[in-house]
$ cat final04.pdb   # PDB, C-alpha atoms
ATOM      1  CA  MET A   1    -118.392  66.379 -35.251
ATOM      2  CA  PRO A   2    -119.463  64.777 -32.050
ATOM      3  CA  GLY A   3    -119.154  67.027 -29.008
ATOM      4  CA  GLU A   4    -119.566  70.216 -31.006
ATOM      5  CA  ARG A   5    -122.657  72.282 -30.442
ATOM      6  CA  GLN A   6    -124.491  73.597 -33.382
ATOM      7  CA  SER A   7    -125.761  77.093 -32.936
ATOM      8  CA  GLN A   8    -129.467  77.433 -33.384
ATOM      9  CA  GLN A   9    -129.942  81.162 -33.428
ATOM     10  CA  GLN A  10    -133.230  82.654 -34.362
ATOM     11  CA  ALA A  11    -133.689  85.784 -36.384
ATOM     12  CA  GLY A  12    -135.453  87.768 -33.611
ATOM     13  CA  PRO A  13    -135.045  88.055 -29.843
ATOM     14  CA  TYR A  14    -135.679  85.035 -27.653
ATOM     15  CA  HIS A  15    -139.126  84.809 -26.074
ATOM     16  CA  PRO A  16    -139.667  82.211 -23.346
ATOM     17  CA  PRO A  17    -142.860  80.131 -23.651
ATOM     18  CA  GLN A  18    -144.664  82.109 -20.923
ATOM     19  CA  ALA A  19    -144.002  85.403 -22.661
ATOM     20  CA  TYR A  20    -146.510  85.008 -25.492
ATOM     21  CA  PRO A  21    -150.132  83.878 -25.434
ATOM     22  CA  ALA A  22    -151.267  80.455 -26.567
ATOM     23  CA  GLN A  23    -151.847  80.091 -30.265
ATOM     24  CA  ALA A  24    -155.372  79.732 -31.590
ATOM     25  CA  GLY A  25    -154.652  76.408 -33.287
ATOM     26  CA  THR A  26    -153.963  74.523 -30.042
ATOM     27  CA  ALA A  27    -156.594  72.243 -28.643
ATOM     28  CA  ALA A  28    -158.465  73.285 -25.537
ATOM     29  CA  GLY A  29    -157.613  70.028 -23.835
ATOM     30  CA  GLN A  30    -153.856  70.663 -23.785
ATOM     31  CA  THR A  31    -152.667  71.852 -20.392
ATOM     32  CA  GLY A  32    -149.145  72.678 -21.462
ATOM     33  CA  ALA A  33    -150.159  75.531 -23.741
ATOM     34  CA  VAL A  34    -151.925  77.733 -21.195
ATOM     35  CA  ARG A  35    -150.518  78.248 -17.760
ATOM     36  CA  ARG A  36    -153.197  78.041 -15.108
ATOM     37  CA  PRO A  37    -152.766  79.009 -11.442
ATOM     38  CA  ARG A  38    -152.665  76.256  -8.906
ATOM     39  CA  THR A  39    -155.627  76.056  -6.577
ATOM     40  CA  GLY A  40    -153.557  75.296  -3.498
ATOM     41  CA  ALA A  41    -151.013  78.072  -4.040
ATOM     42  CA  ARG A  42    -150.293  80.252  -1.028
ATOM     43  CA  THR A  43    -151.203  83.921  -1.232
ATOM     44  CA  THR A  44    -148.579  85.285   1.165
ATOM     45  CA  PRO A  45    -145.239  86.183  -0.402
ATOM     46  CA  ARG A  46    -142.282  84.006   0.370
ATOM     47  CA  VAL A  47    -139.809  85.650   2.745
ATOM     48  CA  ARG A  48    -136.136  85.033   2.117
ATOM     49  CA  LYS A  49    -134.042  84.496   5.213
ATOM     50  CA  ALA A  50    -130.300  84.444   5.679
ATOM     51  CA  ARG A  51    -128.363  83.335   8.743
ATOM     52  CA  LEU A  52    -125.276  85.431   9.272
ATOM     53  CA  ARG A  53    -122.612  85.477  11.950
ATOM     54  CA  VAL A  54    -120.836  88.568  13.265
ATOM     55  CA  SER A  55    -117.416  87.097  13.879
ATOM     56  CA  LYS A  56    -115.360  90.294  14.218
ATOM     57  CA  ALA A  57    -115.945  93.945  15.037
ATOM     58  CA  ASP A  58    -113.259  96.291  13.742
ATOM     59  CA  PRO A  59    -112.073  98.325  16.786
ATOM     60  CA  TRP A  60    -111.120 101.342  14.650
ATOM     61  CA  SER A  61    -114.596 101.644  13.123
ATOM     62  CA  VAL A  62    -116.218 101.046  16.526
ATOM     63  CA  MET A  63    -114.077 103.845  17.957
ATOM     64  CA  LYS A  64    -115.033 106.279  15.166
ATOM     65  CA  VAL A  65    -118.754 105.552  15.437
ATOM     66  CA  SER A  66    -118.812 105.672  19.230
ATOM     67  CA  PHE A  67    -116.856 108.955  19.188
ATOM     68  CA  LEU A  68    -119.378 110.586  16.849
ATOM     69  CA  LEU A  69    -122.361 109.240  18.787
ATOM     70  CA  SER A  70    -120.948 110.364  22.131
ATOM     71  CA  ILE A  71    -120.234 113.851  20.694
ATOM     72  CA  ALA A  72    -123.866 114.037  19.588
ATOM     73  CA  LEU A  73    -124.997 112.879  23.028
ATOM     74  CA  GLY A  74    -122.760 115.485  24.682
ATOM     75  CA  ILE A  75    -124.225 118.291  22.550
ATOM     76  CA  CYS A  76    -127.742 117.102  23.370
ATOM     77  CA  THR A  77    -126.855 117.078  27.076
ATOM     78  CA  ILE A  78    -125.564 120.658  26.972
ATOM     79  CA  VAL A  79    -128.598 121.929  25.055
ATOM     80  CA  ALA A  80    -131.017 120.058  27.335
ATOM     81  CA  SER A  81    -129.401 121.423  30.493
ATOM     82  CA  ALA A  82    -129.533 124.989  29.101
ATOM     83  CA  VAL A  83    -133.217 124.637  28.202
ATOM     84  CA  LEU A  84    -134.007 123.082  31.582
ATOM     85  CA  TRP A  85    -132.172 125.894  33.388
ATOM     86  CA  MET A  86    -134.095 128.546  31.422
ATOM     87  CA  VAL A  87    -137.432 126.891  32.163
ATOM     88  CA  MET A  88    -136.641 126.572  35.868
ATOM     89  CA  ASP A  89    -135.445 130.169  36.022
ATOM     90  CA  ALA A  90    -138.599 131.408  34.280
ATOM     91  CA  MET A  91    -140.708 129.475  36.803
ATOM     92  CA  GLY A  92    -138.823 131.099  39.703
ATOM     93  CA  VAL A  93    -137.484 127.853  41.145
ATOM     94  CA  PHE A  94    -134.016 129.220  41.950
ATOM     95  CA  SER A  95    -135.290 132.293  43.789
ATOM     96  CA  THR A  96    -137.825 130.247  45.793
ATOM     97  CA  VAL A  97    -135.310 127.567  46.776
ATOM     98  CA  GLY A  98    -132.664 130.233  47.502
ATOM     99  CA  GLY A  99    -135.099 132.061  49.811
ATOM    100  CA  THR A 100    -135.967 128.819  51.580
ATOM    101  CA  ILE A 101    -132.281 127.993  52.117
ATOM    102  CA  ALA A 102    -131.613 131.513  53.434
ATOM    103  CA  GLU A 103    -134.507 131.220  55.918
ATOM    104  CA  ALA A 104    -133.488 127.713  57.028
ATOM    105  CA  THR A 105    -129.875 128.638  57.684
ATOM    106  CA  GLY A 106    -130.686 132.046  59.139
ATOM    107  CA  SER A 107    -128.338 133.797  56.734
ATOM    108  CA  ASN A 108    -130.517 136.622  55.495
ATOM    109  CA  GLU A 109    -127.525 138.932  55.675
ATOM    110  CA  SER A 110    -124.970 139.273  52.885
ATOM    111  CA  ASN A 111    -122.615 136.575  54.218
ATOM    112  CA  GLY A 112    -125.003 133.657  53.543
ATOM    113  CA  PHE A 113    -125.112 131.142  50.722
ATOM    114  CA  ASP A 114    -126.450 132.596  47.468
ATOM    115  CA  LEU A 115    -127.980 129.807  45.387
ATOM    116  CA  GLN A 116    -128.754 132.035  42.409
ATOM    117  CA  SER A 117    -125.128 133.066  41.906
ATOM    118  CA  PHE A 118    -123.940 129.469  42.417
ATOM    119  CA  LEU A 119    -126.415 128.035  39.891
ATOM    120  CA  SER A 120    -126.068 130.762  37.282
ATOM    121  CA  LEU A 121    -126.327 129.771  33.610
ATOM    122  CA  PRO A 122    -122.579 130.089  32.867
ATOM    123  CA  ASN A 123    -121.688 127.927  35.877
ATOM    124  CA  VAL A 124    -124.243 125.269  34.932
ATOM    125  CA  LEU A 125    -123.119 125.205  31.287
ATOM    126  CA  MET A 126    -119.448 124.996  32.289
ATOM    127  CA  PHE A 127    -120.149 122.060  34.610
ATOM    128  CA  THR A 128    -122.284 120.344  31.949
ATOM    129  CA  THR A 129    -119.576 120.817  29.310
ATOM    130  CA  ILE A 130    -116.952 119.257  31.594
ATOM    131  CA  ILE A 131    -119.247 116.285  32.214
ATOM    132  CA  ALA A 132    -119.948 115.957  28.459
ATOM    133  CA  VAL A 133    -116.223 115.946  27.576
ATOM    134  CA  ILE A 134    -115.536 113.278  30.206
ATOM    135  CA  ASP A 135    -118.475 111.282  28.823
ATOM    136  CA  VAL A 136    -117.096 111.502  25.257
ATOM    137  CA  VAL A 137    -113.695 110.182  26.346
ATOM    138  CA  LEU A 138    -115.099 107.400  28.525
ATOM    139  CA  ALA A 139    -117.765 106.248  26.051
ATOM    140  CA  THR A 140    -115.255 106.099  23.198
ATOM    141  CA  ALA A 141    -112.720 104.184  25.284
ATOM    142  CA  LEU A 142    -115.306 101.740  26.655
ATOM    143  CA  ALA A 143    -116.792 101.025  23.213
ATOM    144  CA  THR A 144    -113.342 100.359  21.761
ATOM    145  CA  LEU A 145    -112.455  98.111  24.686
ATOM    146  CA  GLY A 146    -115.789  96.348  24.188
ATOM    147  CA  ALA A 147    -114.875  95.667  20.547
ATOM    148  CA  PHE A 148    -111.578  94.098  21.617
ATOM    149  CA  ILE A 149    -113.327  91.941  24.224
ATOM    150  CA  TYR A 150    -115.993  90.922  21.698
ATOM    151  CA  ASN A 151    -113.317  89.857  19.208
ATOM    152  CA  LEU A 152    -111.613  87.727  21.874
ATOM    153  CA  SER A 153    -114.847  86.048  22.946
ATOM    154  CA  ALA A 154    -116.037  85.594  19.341
ATOM    155  CA  GLY A 155    -112.830  83.669  18.688
ATOM    156  CA  PHE A 156    -113.911  81.125  21.303
ATOM    157  CA  VAL A 157    -117.652  80.838  20.653
ATOM    158  CA  GLY A 158    -117.899  81.908  17.026
ATOM    159  CA  GLY A 159    -119.677  85.240  17.383
ATOM    160  CA  VAL A 160    -123.288  86.357  17.360
ATOM    161  CA  GLU A 161    -125.621  84.655  14.884
ATOM    162  CA  LEU A 162    -128.232  86.813  13.205
ATOM    163  CA  THR A 163    -131.175  85.810  11.035
ATOM    164  CA  LEU A 164    -131.970  88.476   8.474
ATOM    165  CA  ALA A 165    -135.285  88.438   6.620
ATOM    166  CA  GLU A 166    -136.205  90.392   3.516
ATOM    167  CA  ASP A 167    -139.387  92.443   3.632
ATOM    168  CA  GLU A 168    -141.540  92.413   0.545
TER     169      GLU A 168
END
$ encode --input "final04.pdb" --output "structure tokens"
Amino acid sequence: MPGERQSQQQAGPYHPPQAYPAQAGTAAGQTGAVRRPRTGARTTPRVRKARLRVSKADPWSVMKVSFLLSIALGICTIVASAVLWMVMDAMGVFSTVGGTIAEATGSNESNGFDLQSFLSLPNVLMFTTIIAVIDVVLATALATLGAFIYNLSAGFVGGVELTLAEDE
């Protein structure tokens, strides 16, 4: 009947023409039988590019990511301040500066300012921890607020356009 397709199935699997070599019976003058490379073909691979637009940033996911990153930054701050304090204490910076302050103020007696007790390791770590906790709260709140502001501005201008390229 017209419009019906007749199935032409072969006994074995399908092999496209490029998958098997040219047969020996073909003439050497035929160009369709053997695939030859073009002489003007470029040697660099073709890079695929895609233009994408970031039209919305989910505030909940921004808050979660910024919270985790600011916690990591707070831990790094506490560890760095502890290491810096230990290095400065081993170098004798606190005792030298404390002696200089005592000489400058004339308080060599017991009622003067003691820098070493003021800048002890527990005091420094407590102050650093307070600063790190404040930083975690502020960074999380500011990143979430930034996501809301980005969503409002992306509604007007369409968002940020990115061009992504695939490396080969």
$ atom_distance --input "final04.pdb" --atom1 "atom CA of Leu145 of chain A" --atom2 "atom CA of Asp58 of chain A"
11.1 Å
$ resolve_selection --input "final04.pdb" --expression "the PyMOL selection byres ((chain A and resi 161) around 7)" --output "count of residues only"
8
$ residues_around --input "final04.pdb" --residues "Ala139 of chain A" --least-positions-apart "3" --cutoff "8 Å" --atoms "all atoms listed in the file" --output "compact mmCIF listing (two decimals) with C-alpha atoms, in the coordinates of the input"
# COMPACT_ATOMS: atom_id res chain seq x y z
CA SER A 66 -118.81 105.67 19.23
CA PHE A 67 -116.86 108.96 19.19
CA SER A 70 -120.95 110.36 22.13
CA ASP A 135 -118.48 111.28 28.82
CA VAL A 136 -117.10 111.50 25.26
CA LEU A 142 -115.31 101.74 26.66
CA ALA A 143 -116.79 101.02 23.21
$ residues_around --input "final04.pdb" --residues "Phe156 of chain A" --least-positions-apart "6" --cutoff "12 Å" --atoms "all atoms listed in the file" --output "list in words"
Ser55, Lys56, Ile149 and Tyr150 of chain A
$ atom_distance --input "final04.pdb" --atom1 "atom CA of Ala57 of chain A" --atom2 "atom CA of Ala147 of chain A"
5.9 Å
$ residues_around --input "final04.pdb" --residues "Leu119 of chain A" --least-positions-apart "6" --cutoff "12 Å" --atoms "all atoms listed in the file" --output "ChimeraX atom specification"
/A:81-82,85-86,88-89,93-95,97-98,113,125-128
$ atom_distance --input "final04.pdb" --atom1 "atom CA of Ile131 of chain A" --atom2 "atom CA of Leu73 of chain A"
11.4 Å
